[in-house]
>>> print(open('my_file_23.cif').read())   # mmCIF, C-alpha atoms
data_entry
#
loop_
_atom_site.label_atom_id
_atom_site.label_comp_id
_atom_site.auth_asym_id
_atom_site.auth_seq_id
_atom_site.Cartn_x
_atom_site.Cartn_y
_atom_site.Cartn_z
CA MET W 1 48.80 242.08 20.59
CA ILE W 2 45.34 242.20 22.22
CA THR W 3 45.33 245.99 21.98
CA ALA W 4 46.33 246.00 18.31
CA LEU W 5 43.69 243.41 17.51
CA GLY W 6 41.06 245.49 19.35
CA PHE W 7 41.82 248.63 17.38
CA GLY W 8 42.14 246.70 14.14
CA LEU W 9 38.86 244.92 14.75
CA MET W 10 36.86 248.08 15.42
CA PHE W 11 38.36 250.13 12.61
CA LEU W 12 37.82 247.24 10.19
CA ILE W 13 34.20 246.79 11.22
CA VAL W 14 33.34 250.51 11.00
CA THR W 15 35.16 250.90 7.67
CA LEU W 16 33.57 247.86 6.05
CA ILE W 17 30.10 248.88 7.21
CA LEU W 18 30.48 252.45 5.95
CA LEU W 19 31.85 251.28 2.61
CA ARG W 20 29.05 248.68 2.35
CA ARG W 21 31.55 245.89 1.84
CA ILE W 22 29.91 243.72 4.45
CA SER W 23 26.66 243.71 6.41
CA PRO W 24 26.69 244.49 10.15
CA LEU W 25 25.33 241.01 10.84
CA VAL W 26 28.22 239.29 9.08
CA ALA W 27 30.79 241.69 10.54
CA PHE W 28 29.67 241.24 14.15
CA VAL W 29 29.38 237.46 13.91
CA THR W 30 32.61 236.62 12.12
CA LEU W 31 35.28 239.26 12.69
CA PRO W 32 35.30 239.24 16.53
CA VAL W 33 35.61 235.44 16.55
CA ILE W 34 38.50 235.59 14.09
CA ALA W 35 40.22 238.32 16.12
CA SER W 36 39.91 236.41 19.39
CA ALA W 37 41.17 233.22 17.72
CA LEU W 38 44.19 235.14 16.41
CA ALA W 39 44.80 236.33 19.97
CA GLY W 40 45.20 232.70 21.03
CA PHE W 41 41.89 232.10 22.80
CA GLY W 42 40.37 228.63 22.55
CA LEU W 43 36.88 227.80 21.41
CA GLY W 44 35.70 227.34 24.99
CA GLU W 45 36.91 230.79 26.00
CA ILE W 46 35.47 232.43 22.91
CA GLY W 47 32.18 230.69 23.63
CA LYS W 48 32.13 232.21 27.12
CA PHE W 49 32.80 235.67 25.67
CA ILE W 50 29.89 235.25 23.28
CA THR W 51 27.57 233.97 26.00
CA GLU W 52 28.26 236.94 28.25
CA GLY W 53 27.78 239.36 25.36
CA LEU W 54 24.47 237.79 24.40
CA LYS W 55 23.27 238.02 27.99
CA ALA W 56 23.90 241.76 27.88
CA VAL W 57 21.90 242.42 24.68
CA ALA W 58 19.16 239.76 24.99
CA PRO W 59 16.67 242.01 26.85
CA THR W 60 17.11 244.79 24.27
CA ALA W 61 16.77 242.36 21.35
CA THR W 62 13.59 240.96 22.89
CA LEU W 63 12.29 244.47 23.42
CA PHE W 64 13.03 245.30 19.80
CA ILE W 65 11.21 242.29 18.35
CA PHE W 66 8.01 242.78 20.31
CA ALA W 67 8.05 246.60 20.10
CA ILE W 68 8.34 246.51 16.31
CA LEU W 69 5.49 244.00 16.09
CA TYR W 70 3.36 246.04 18.50
CA PHE W 71 3.89 249.38 16.77
CA GLY W 72 3.42 247.69 13.40
CA VAL W 73 -0.05 246.60 14.49
CA MET W 74 -0.84 250.03 15.96
CA ARG W 75 0.40 251.81 12.82
CA GLU W 76 -1.68 249.76 10.41
CA ARG W 77 -4.73 250.19 12.63
CA GLY W 78 -4.34 253.97 12.45
CA LEU W 79 -3.41 254.76 16.06
CA PHE W 80 -1.03 257.56 15.05
CA ALA W 81 -3.19 259.01 12.25
CA PRO W 82 -4.93 261.65 14.45
CA LEU W 83 -1.56 262.71 15.91
CA VAL W 84 -0.04 263.04 12.44
CA ASN W 85 -3.02 265.05 11.25
CA PHE W 86 -2.78 267.31 14.32
CA LEU W 87 0.93 267.90 13.79
CA LEU W 88 0.29 268.63 10.12
CA ARG W 89 -2.24 271.25 11.08
CA SER W 90 -0.18 272.74 13.92
CA THR W 91 2.98 272.93 11.83
CA GLY W 92 1.15 274.05 8.73
CA GLY W 93 2.74 271.14 6.88
CA ARG W 94 6.05 273.02 6.92
CA PRO W 95 9.21 270.89 7.18
CA LEU W 96 10.91 273.62 9.22
CA ALA W 97 8.23 273.49 11.91
CA VAL W 98 8.25 269.68 11.87
CA ALA W 99 12.03 269.60 12.42
CA VAL W 100 11.79 272.00 15.37
CA VAL W 101 8.92 270.01 16.89
CA THR W 102 11.04 266.85 16.57
CA VAL W 103 13.79 268.31 18.76
CA ALA W 104 11.37 269.70 21.34
CA VAL W 105 9.37 266.48 21.64
CA THR W 106 12.49 264.30 21.89
CA ALA W 107 14.11 266.54 24.51
CA VAL W 108 11.03 266.37 26.74
CA THR W 109 10.52 262.66 26.17
CA HIS W 110 14.13 261.82 27.03
CA LEU W 111 13.92 263.36 30.47
CA ASP W 112 13.66 259.76 31.71
CA GLY W 113 17.14 259.06 30.32
CA ILE W 114 16.11 255.80 28.66
CA GLY W 115 17.17 255.77 25.02
CA ALA W 116 15.09 252.77 24.01
CA ALA W 117 11.92 254.27 25.50
CA THR W 118 12.52 257.61 23.76
CA PHE W 119 13.07 255.96 20.38
CA LEU W 120 9.97 253.81 20.85
CA LEU W 121 7.83 256.83 21.68
CA VAL W 122 9.09 259.45 19.23
CA ILE W 123 10.12 257.67 16.04
CA PRO W 124 6.92 255.67 15.35
CA ALA W 125 4.82 258.77 16.11
CA LEU W 126 6.74 261.19 13.86
CA LEU W 127 7.84 258.92 11.01
CA PRO W 128 4.44 258.98 9.23
CA LEU W 129 4.55 262.79 9.33
CA TYR W 130 8.02 262.85 7.78
CA LEU W 131 6.95 260.42 5.07
CA ARG W 132 3.81 262.39 4.30
CA LEU W 133 5.87 265.56 3.82
CA GLY W 134 8.59 263.82 1.82
CA MET W 135 11.23 264.47 4.48
CA LYS W 136 14.17 262.09 4.86
CA ARG W 137 14.09 259.31 7.41
CA GLU W 138 17.76 260.02 8.10
CA MET W 139 16.85 263.56 9.10
CA LEU W 140 14.31 262.33 11.65
CA LEU W 141 16.80 259.86 13.07
CA CYS W 142 19.57 262.46 13.22
CA LEU W 143 17.49 265.00 15.15
CA VAL W 144 16.10 262.38 17.52
CA VAL W 145 19.43 260.79 18.48
CA LEU W 146 21.21 264.14 18.85
CA SER W 147 18.42 265.57 21.03
CA ALA W 148 18.44 262.41 23.13
CA GLY W 149 22.24 262.52 23.34
CA VAL W 150 22.27 266.04 24.75
CA MET W 151 19.58 265.14 27.29
CA ASN W 152 21.24 261.83 28.20
CA MET W 153 23.32 263.41 30.99
CA VAL W 154 20.45 263.38 33.49
CA PRO W 155 21.49 261.81 36.82
CA TRP W 156 19.17 258.83 36.48
CA GLY W 157 20.62 258.01 33.06
CA GLY W 158 23.01 255.11 32.68
CA THR W 159 26.05 257.11 31.58
CA THR W 160 26.01 259.62 34.43
CA ALA W 161 25.43 256.80 36.89
CA ARG W 162 28.50 255.01 35.53
CA ALA W 163 30.62 258.17 35.76
CA SER W 164 29.38 258.72 39.30
CA ALA W 165 30.30 255.18 40.31
CA VAL W 166 33.84 255.57 38.94
CA THR W 167 34.58 259.05 40.34
CA GLY W 168 32.64 258.79 43.60
CA ILE W 169 30.83 262.06 42.84
CA ASP W 170 27.06 262.16 43.29
CA ALA W 171 25.31 261.85 39.93
CA SER W 172 23.00 264.77 40.67
CA LEU W 173 25.98 267.05 41.32
CA LEU W 174 27.54 266.08 38.00
CA TRP W 175 24.29 266.82 36.20
CA ILE W 176 23.65 270.18 37.86
CA SER W 177 27.04 271.42 36.69
CA LEU W 178 26.26 270.20 33.17
CA ILE W 179 22.86 271.89 32.82
CA PRO W 180 24.30 275.04 31.15
CA VAL W 181 26.20 272.81 28.72
CA GLN W 182 23.00 270.91 27.98
CA ALA W 183 21.29 274.22 27.22
CA VAL W 184 24.04 275.03 24.71
CA GLY W 185 23.67 271.56 23.20
CA LEU W 186 19.92 271.87 22.80
CA ALA W 187 20.35 275.28 21.18
CA LEU W 188 22.82 273.75 18.73
CA VAL W 189 20.52 270.85 17.88
CA MET W 190 17.63 273.29 17.45
CA ALA W 191 19.80 275.37 15.12
CA LEU W 192 20.59 272.21 13.16
CA ALA W 193 16.86 271.46 12.98
CA VAL W 194 16.25 274.92 11.54
CA PHE W 195 19.01 274.43 8.96
CA LEU W 196 17.81 270.97 7.91
CA GLY W 197 14.19 272.09 8.00
CA LEU W 198 14.85 275.06 5.72
CA ARG W 199 16.79 272.83 3.35
CA ALA W 200 13.88 270.38 3.24
CA GLN W 201 11.42 273.23 2.80
CA ARG W 202 13.22 274.49 -0.29
CA SER W 203 12.48 271.20 -2.01
CA PHE W 204 8.98 271.06 -0.55
CA HIS W 205 7.32 271.83 -3.89
CA GLY W 206 7.78 268.20 -4.93
CA HIS W 207 6.89 266.66 -1.62
CA GLY W 208 3.61 265.18 -2.78
CA VAL W 209 5.28 262.87 -5.29
CA VAL W 210 8.11 261.96 -2.93
CA ALA W 211 5.89 261.31 0.04
CA GLY W 212 3.48 259.27 -2.01
CA HIS W 213 6.31 257.18 -3.41
CA GLU W 214 7.82 256.70 0.06
CA ALA W 215 4.49 255.73 1.54
CA ALA W 216 3.98 253.22 -1.24
CA GLN W 217 7.39 251.72 -0.55
CA THR W 218 6.63 251.32 3.15
CA ALA W 219 3.17 249.86 2.75
CA GLU W 220 2.87 246.40 4.25
CA PRO W 221 2.54 243.70 1.59
CA GLY W 222 -0.73 241.89 1.84
CA ASP W 223 -2.03 244.31 4.47
CA GLU W 224 -5.79 243.96 4.26
CA SER W 225 -6.47 245.39 7.73
CA PRO W 226 -8.21 248.79 7.42
CA GLN W 227 -7.32 251.66 9.73
CA LEU W 228 -9.69 252.23 12.59
CA SER W 229 -11.71 255.41 12.92
CA PRO W 230 -11.25 257.46 16.15
CA MET W 231 -15.03 256.78 16.62
CA SER W 232 -14.37 253.06 16.87
CA TRP W 233 -14.21 251.45 20.33
CA ARG W 234 -11.20 249.43 19.19
CA TYR W 235 -9.31 252.64 18.44
CA TRP W 236 -9.85 253.88 22.00
CA ALA W 237 -8.97 250.46 23.37
CA ASN W 238 -5.69 250.56 21.39
CA LEU W 239 -4.98 254.04 22.72
CA ALA W 240 -5.68 252.95 26.31
CA LEU W 241 -3.42 249.91 25.90
CA THR W 242 -0.61 252.06 24.52
CA LEU W 243 -0.98 254.57 27.36
CA VAL W 244 -0.74 251.75 29.90
CA ILE W 245 2.47 250.58 28.25
CA LEU W 246 3.87 254.12 28.31
CA VAL W 247 3.07 254.42 32.02
CA CYS W 248 5.00 251.20 32.60
CA LEU W 249 7.90 252.60 30.56
CA PHE W 250 8.10 255.81 32.58
CA THR W 251 7.53 254.29 36.01
CA GLY W 252 9.68 251.21 35.53
CA ALA W 253 6.88 249.14 37.06
CA PHE W 254 7.48 246.38 34.50
CA PRO W 255 10.53 245.49 32.38
CA LEU W 256 10.50 247.24 28.99
CA PHE W 257 10.58 244.05 26.96
CA ALA W 258 7.82 242.50 29.08
CA CYS W 259 5.60 245.54 28.50
CA PHE W 260 5.60 244.96 24.76
CA MET W 261 5.41 241.17 24.99
CA VAL W 262 2.19 241.39 26.97
CA GLY W 263 1.01 244.41 24.97
CA LEU W 264 1.40 242.58 21.67
CA GLY W 265 -0.61 239.63 22.96
CA VAL W 266 -3.46 241.90 24.04
CA ALA W 267 -3.28 243.95 20.82
CA LEU W 268 -3.57 240.89 18.58
CA VAL W 269 -6.66 239.59 20.38
CA LEU W 270 -8.16 243.08 20.50
CA ASN W 271 -7.71 243.90 16.82
CA TYR W 272 -7.93 240.53 15.07
CA PRO W 273 -10.75 238.24 16.21
CA SER W 274 -9.63 235.13 14.32
CA LEU W 275 -6.43 233.10 14.71
CA ALA W 276 -5.71 233.40 10.98
CA GLU W 277 -5.87 237.21 11.15
CA GLN W 278 -3.56 237.24 14.17
CA ASN W 279 -1.01 235.07 12.40
CA GLN W 280 -1.15 237.21 9.28
CA ALA W 281 -0.64 240.38 11.31
CA VAL W 282 2.50 238.94 12.91
CA LEU W 283 3.83 237.77 9.54
CA ARG W 284 3.34 241.20 8.00
CA HIS W 285 5.75 242.76 10.49
CA ALA W 286 8.00 239.81 11.32
CA SER W 287 10.58 240.66 8.67
CA ASP W 288 11.21 244.14 10.09
CA ALA W 289 11.36 242.81 13.63
CA MET W 290 13.72 239.93 13.00
CA GLN W 291 16.11 241.66 10.61
CA MET W 292 17.41 244.17 13.14
CA ALA W 293 17.02 241.82 16.12
CA LEU W 294 19.49 239.47 14.43
CA VAL W 295 21.96 242.34 14.03
CA MET W 296 21.47 243.29 17.67
CA LEU W 297 22.17 239.75 18.85
CA ALA W 298 25.20 239.63 16.58
CA ALA W 299 26.43 242.84 18.20
CA GLY W 300 26.36 240.95 21.48
CA ILE W 301 29.18 238.77 20.13
CA LEU W 302 31.27 241.87 19.44
CA LEU W 303 30.60 243.31 22.90
CA GLY W 304 31.39 240.01 24.58
CA VAL W 305 34.70 239.60 22.76
CA LEU W 306 35.81 243.20 23.35
CA SER W 307 35.21 242.84 27.06
CA GLY W 308 36.12 239.20 27.68
CA ALA W 309 39.31 239.22 25.63
CA GLY W 310 40.53 242.38 27.35
CA MET W 311 40.56 244.41 24.13
CA SER W 312 38.67 247.32 25.68
CA ASP W 313 41.07 247.56 28.61
CA GLY W 314 44.08 247.25 26.30
CA MET W 315 42.89 250.03 24.00
CA ALA W 316 42.21 252.31 26.96
CA HIS W 317 45.69 251.91 28.45
CA TRP W 318 47.43 252.20 25.08
CA MET W 319 45.77 255.56 24.45
CA ILE W 320 47.14 256.86 27.75
CA ASN W 321 50.66 255.64 27.06
CA VAL W 322 50.96 257.28 23.63
CA LEU W 323 50.01 260.74 24.84
CA PRO W 324 52.95 263.17 24.99
CA GLU W 325 54.58 263.93 28.30
CA GLY W 326 53.13 266.97 30.06
CA SER W 327 49.66 266.45 28.58
CA ALA W 328 48.21 265.16 31.85
CA ASN W 329 46.42 268.45 32.57
CA TRP W 330 44.78 268.33 29.15
CA LEU W 331 44.18 264.60 28.99
CA HIS W 332 40.49 264.67 29.94
CA VAL W 333 39.83 267.48 27.45
CA ILE W 334 41.62 265.57 24.68
CA ILE W 335 39.65 262.41 25.40
CA GLY W 336 36.42 264.41 25.66
CA ALA W 337 37.10 266.03 22.29
CA PHE W 338 37.31 262.57 20.74
CA GLY W 339 34.35 261.29 22.73
CA VAL W 340 32.16 260.73 19.65
CA PRO W 341 34.61 258.54 17.68
CA LEU W 342 35.74 256.83 20.89
CA GLY W 343 32.11 256.02 21.66
CA MET W 344 32.02 254.15 18.36
CA LEU W 345 34.91 251.95 19.55
CA PHE W 346 33.99 251.47 23.21
CA SER W 347 30.69 250.30 24.60
CA PRO W 348 29.33 252.56 27.38
CA ASP W 349 30.53 250.09 30.01
CA ALA W 350 34.03 249.95 28.50
CA TYR W 351 34.16 253.74 28.07
CA TYR W 352 33.25 254.50 31.67
CA PHE W 353 34.57 251.48 33.54
CA ALA W 354 37.77 250.86 31.54
CA LEU W 355 38.78 254.21 30.01
CA LEU W 356 37.49 256.71 32.58
CA PRO W 357 39.37 255.26 35.60
CA VAL W 358 42.69 255.51 33.77
CA ILE W 359 42.02 259.08 32.60
CA ARG W 360 40.85 260.03 36.10
CA ASP W 361 43.99 258.73 37.79
CA VAL W 362 46.36 260.46 35.39
CA ALA W 363 44.49 263.79 35.42
CA VAL W 364 43.89 263.87 39.18
CA ALA W 365 47.59 263.18 39.79
CA ALA W 366 48.26 266.35 37.77
CA GLY W 367 45.89 268.36 39.97
CA VAL W 368 42.71 268.21 37.88
CA ASP W 369 39.33 268.03 39.64
CA PRO W 370 37.80 264.54 39.11
CA ALA W 371 34.44 266.20 38.39
CA SER W 372 36.04 267.96 35.41
CA VAL W 373 37.29 264.61 34.12
CA ALA W 374 33.84 263.06 34.40
CA ASN W 375 32.14 266.07 32.77
CA ALA W 376 34.52 266.18 29.82
CA MET W 377 34.04 262.51 29.07
CA LEU W 378 30.28 262.63 29.56
CA ILE W 379 29.84 265.43 27.00
CA GLY W 380 31.51 263.69 24.09
CA GLU W 381 30.24 260.15 24.58
CA ASN W 382 26.64 261.14 25.27
CA THR W 383 26.33 263.41 22.25
CA GLY W 384 27.35 260.62 19.90
CA PHE W 385 25.84 257.59 21.60
CA GLY W 386 23.07 257.42 19.01
CA ILE W 387 25.49 256.56 16.17
CA SER W 388 27.63 253.98 17.95
CA PRO W 389 27.66 250.44 16.50
CA VAL W 390 28.27 249.07 20.01
CA VAL W 391 25.17 250.63 21.63
CA PRO W 392 22.24 248.19 21.34
CA SER W 393 19.50 250.85 21.39
CA VAL W 394 20.95 252.31 18.16
CA TYR W 395 19.69 249.24 16.31
CA LEU W 396 16.27 249.83 17.83
CA ALA W 397 16.30 253.40 16.51
CA ILE W 398 17.42 252.56 12.97
CA GLY W 399 14.97 249.66 12.83
CA LEU W 400 12.06 251.86 13.86
CA ALA W 401 13.06 254.51 11.33
CA GLY W 402 13.84 252.02 8.56
CA VAL W 403 17.35 253.41 7.97
CA GLU W 404 20.48 251.36 7.34
CA LEU W 405 23.30 251.79 9.84
CA TYR W 406 25.84 253.10 7.34
CA LYS W 407 23.40 255.73 6.08
CA HIS W 408 22.65 256.84 9.63
CA ILE W 409 26.34 257.18 10.51
CA ARG W 410 27.16 259.06 7.31
CA TYR W 411 24.28 261.49 7.82
CA THR W 412 24.72 262.14 11.54
CA ALA W 413 28.34 261.51 12.62
CA LEU W 414 29.87 264.87 11.68
CA TRP W 415 26.94 266.81 13.12
CA ALA W 416 27.27 264.87 16.39
CA TRP W 417 31.01 265.43 16.62
CA GLY W 418 30.74 269.13 15.80
CA ILE W 419 28.05 269.72 18.41
CA SER W 420 30.06 267.82 21.04
CA LEU W 421 33.15 269.96 20.37
CA VAL W 422 31.20 273.21 20.80
CA MET W 423 29.61 271.86 23.99
CA LEU W 424 33.03 270.91 25.34
CA ALA W 425 34.38 274.39 24.53
CA ALA W 426 31.39 275.89 26.34
CA ALA W 427 32.06 273.63 29.32
CA VAL W 428 35.64 274.94 29.52
CA LEU W 429 34.39 278.52 29.17
CA PHE W 430 31.78 278.03 31.93
CA GLY W 431 34.32 276.41 34.22
CA VAL W 432 32.45 273.09 34.18
CA VAL W 433 35.61 271.49 32.78
CA THR W 434 38.84 272.87 34.24
CA ILE W 435 42.43 272.34 33.18
#
>>> encode(input="my_file_23.cif", output="structure tokens")
Amino acid sequence: MITALGFGLMFLIVTLILLRRISPLVAFVTLPVIASALAGFGLGEIGKFITEGLKAVAPTATLFIFAILYFGVMRERGLFAPLVNFLLRSTGGRPLAVAVVTVAVTAVTHLDGIGAATFLLVIPALLPLYLRLGMKREMLLCLVVLSAGVMNMVPWGGTTARASAVTGIDASLLWISLIPVQAVGLALVMALAVFLGLRAQRSFHGHGVVAGHEAAQTAEPGDESPQLSPMSWRYWANLALTLVILVCLFTGAFPLFACFMVGLGVALVLNYPSLAEQNQAVLRHASDAMQMALVMLAAGILLGVLSGAGMSDGMAHWMINVLPEGSANWLHVIIGAFGVPLGMLFSPDAYYFALLPVIRDVAVAAGVDPASVANAMLIGENTGFGISPVVPSVYLAIGLAGVELYKHIRYTALWAWGISLVMLAAAVLFGVVTI
């Protein structure tokens, strides 16, 4: 019963969100509680599930709130204006060049393997450029999350570390074998960028009206704070503050959420001398910050119930049992091929710590190398992690880009799945995944 409720819960949530029948906030808060109650758990047990889930997402939710407020202040004070102008000049204002630059910048930025940091760095910097050229927000988000997904297999990333812990294979060895597959993935994402960029360029003749309309829609109501000139000392102080935060992000010297909590405090004092101005600046961006933070905290309820009620474990074992006899040699390839949709059902912890051990045991018993099992499952899940409703950093990305979850999934899901399938085929061809 637990297994059936787990599948039913996840399919219902994804379907209702995509069909816009219910908001993610309502879905994550109500449906998991109903499902766990139907499974026979008492209020005390459900409360423990929720508490554990909230503990898992609280740092990310805190990061989101303060990062949105911080970048909101920096954006309205014109921190990114010189960068946008430079990119406009270097790309000639061509959507094709902008799309290609998006992939290149994201791939380099995500070498640290931290999705939240990559989204925080890339999306606020490139979004004004996309809006100015009348390019879709969904396109920016799609290229960023797919580029990050391909790069996410670095050994210091969370997913490879999880796979290493389960299989006992050194994370660096797993990554080295996957480098050729990553190269294929980046080439595919770059090809997608060219395709989307050319499509955007064909409609470029009307970009002035579109961009102007978009910019008007995203203007902050009541924003009376003028942008700073690069000649202003406050501009350089803002830049120095942001660089300090970025150093903390890359070095891990300070927790991510703490970086932006302290950074916001300094930024408010630096840019707004009076208390009234500081309060108004926070209010101007509070709506954006809180809207997605609430969804992120609500997602903690879903994650807590899936794990605490045993739904994740039940779904993993059921999938193994329904596979036809004699498929053990192909099991890891089958699961890897469905890595993108499975990543939308399982959180990364559930995928690697609940599903991977079962797949490993079955495949290894049939003579398959455990490294092949880990590689196959890494390829699919990583490529699609940026569209999963159970990955907290996804809500950070869509909040920064100003895109609703259902629009993001509709725009990106098929591209992510297609790229993952080609990467998996390449892995089999290269001998990275054996049968």
>>> closest_atom_pairs(input="my_file_23.cif", of="segment 373-403 of chain W", to="segment 300-312 of chain W", cutoff="12 Å", atoms="only C-alpha atoms", output="tab-separated table")
residue	atom	partner	partner_atom	distance
W:Pro389	CA	W:Leu302	CA	9.8
W:Val390	CA	W:Leu303	CA	6.9
W:Val391	CA	W:Leu303	CA	9.2
W:Pro392	CA	W:Gly300	CA	8.3
W:Tyr395	CA	W:Gly300	CA	11.8
>>> resolve_selection(input="my_file_23.cif", expression="the PyMOL selection byres ((chain W and resi 419) around 10)", output="ChimeraX atom specification")
/W:146,150,184-189,192,340,379-380,383-384,414-418,420-425
>>> atom_distance(input="my_file_23.cif", atom1="atom CA of Val373 of chain W", atom2="atom CA of Met344 of chain W")
19.6 Å
>>> atom_distance(input="my_file_23.cif", atom1="atom CA of Ala237 of chain W", atom2="atom CA of Ala281 of chain W")
17.8 Å
>>> atom_distance(input="my_file_23.cif", atom1="atom CA of Ala253 of chain W", atom2="atom CA of Ala117 of chain W")
13.6 Å
>>> build_atoms(input="my_file_23.cif", residues="segment 112-129 of chain W", atoms="N, CA, C and O atoms", output="CSV table (one decimal), keeping the file's coordinate frame")
chain,number,residue,atom,x,y,z
W,112,ASP,N,13.5,261.0,30.9
W,112,ASP,CA,13.7,259.8,31.7
W,112,ASP,C,15.0,259.1,31.5
W,112,ASP,O,15.4,258.2,32.3
W,113,GLY,N,15.8,259.6,30.5
W,113,GLY,CA,17.1,259.1,30.3
W,113,GLY,C,17.2,257.7,29.7
W,113,GLY,O,18.3,257.1,29.7
W,114,ILE,N,16.1,257.1,29.2
W,114,ILE,CA,16.1,255.8,28.7
W,114,ILE,C,16.0,255.9,27.1
W,114,ILE,O,15.0,256.3,26.6
W,115,GLY,N,17.1,255.6,26.5
W,115,GLY,CA,17.2,255.8,25.0
W,115,GLY,C,16.2,254.9,24.3
W,115,GLY,O,15.5,255.4,23.4
W,116,ALA,N,16.0,253.7,24.7
W,116,ALA,CA,15.1,252.8,24.0
W,116,ALA,C,13.7,253.3,24.1
W,116,ALA,O,12.9,253.3,23.1
W,117,ALA,N,13.3,253.8,25.3
W,117,ALA,CA,11.9,254.3,25.5
W,117,ALA,C,11.7,255.5,24.6
W,117,ALA,O,10.6,255.7,24.0
W,118,THR,N,12.7,256.4,24.6
W,118,THR,CA,12.5,257.6,23.8
W,118,THR,C,12.3,257.3,22.3
W,118,THR,O,11.5,257.8,21.6
W,119,PHE,N,13.2,256.4,21.8
W,119,PHE,CA,13.1,256.0,20.4
W,119,PHE,C,11.7,255.3,20.1
W,119,PHE,O,11.1,255.5,19.0
W,120,LEU,N,11.3,254.5,21.0
W,120,LEU,CA,10.0,253.8,20.8
W,120,LEU,C,8.8,254.8,20.8
W,120,LEU,O,7.8,254.6,20.1
W,121,LEU,N,8.9,255.9,21.6
W,121,LEU,CA,7.8,256.8,21.7
W,121,LEU,C,7.8,257.8,20.5
W,121,LEU,O,6.8,258.1,19.9
W,122,VAL,N,9.0,258.3,20.2
W,122,VAL,CA,9.1,259.4,19.2
W,122,VAL,C,9.1,259.0,17.8
W,122,VAL,O,8.4,259.5,16.9
W,123,ILE,N,9.9,258.0,17.5
W,123,ILE,CA,10.1,257.7,16.0
W,123,ILE,C,8.8,257.1,15.4
W,123,ILE,O,8.4,257.6,14.3
W,124,PRO,N,8.1,256.1,16.0
W,124,PRO,CA,6.9,255.7,15.4
W,124,PRO,C,5.9,256.8,15.2
W,124,PRO,O,5.1,256.8,14.3
W,125,ALA,N,5.8,257.7,16.2
W,125,ALA,CA,4.8,258.8,16.1
W,125,ALA,C,5.1,259.8,15.0
W,125,ALA,O,4.2,260.3,14.4
W,126,LEU,N,6.4,260.1,14.8
W,126,LEU,CA,6.7,261.2,13.9
W,126,LEU,C,7.1,260.7,12.5
W,126,LEU,O,7.0,261.5,11.5
W,127,LEU,N,7.5,259.4,12.3
W,127,LEU,CA,7.8,258.9,11.0
W,127,LEU,C,6.7,259.1,10.0
W,127,LEU,O,7.0,259.5,8.8
W,128,PRO,N,5.5,258.8,10.3
W,128,PRO,CA,4.4,259.0,9.2
W,128,PRO,C,4.4,260.4,8.8
W,128,PRO,O,4.1,260.7,7.6
W,129,LEU,N,4.6,261.4,9.7
W,129,LEU,CA,4.6,262.8,9.3
W,129,LEU,C,5.7,263.1,8.4
W,129,LEU,O,5.5,263.8,7.4
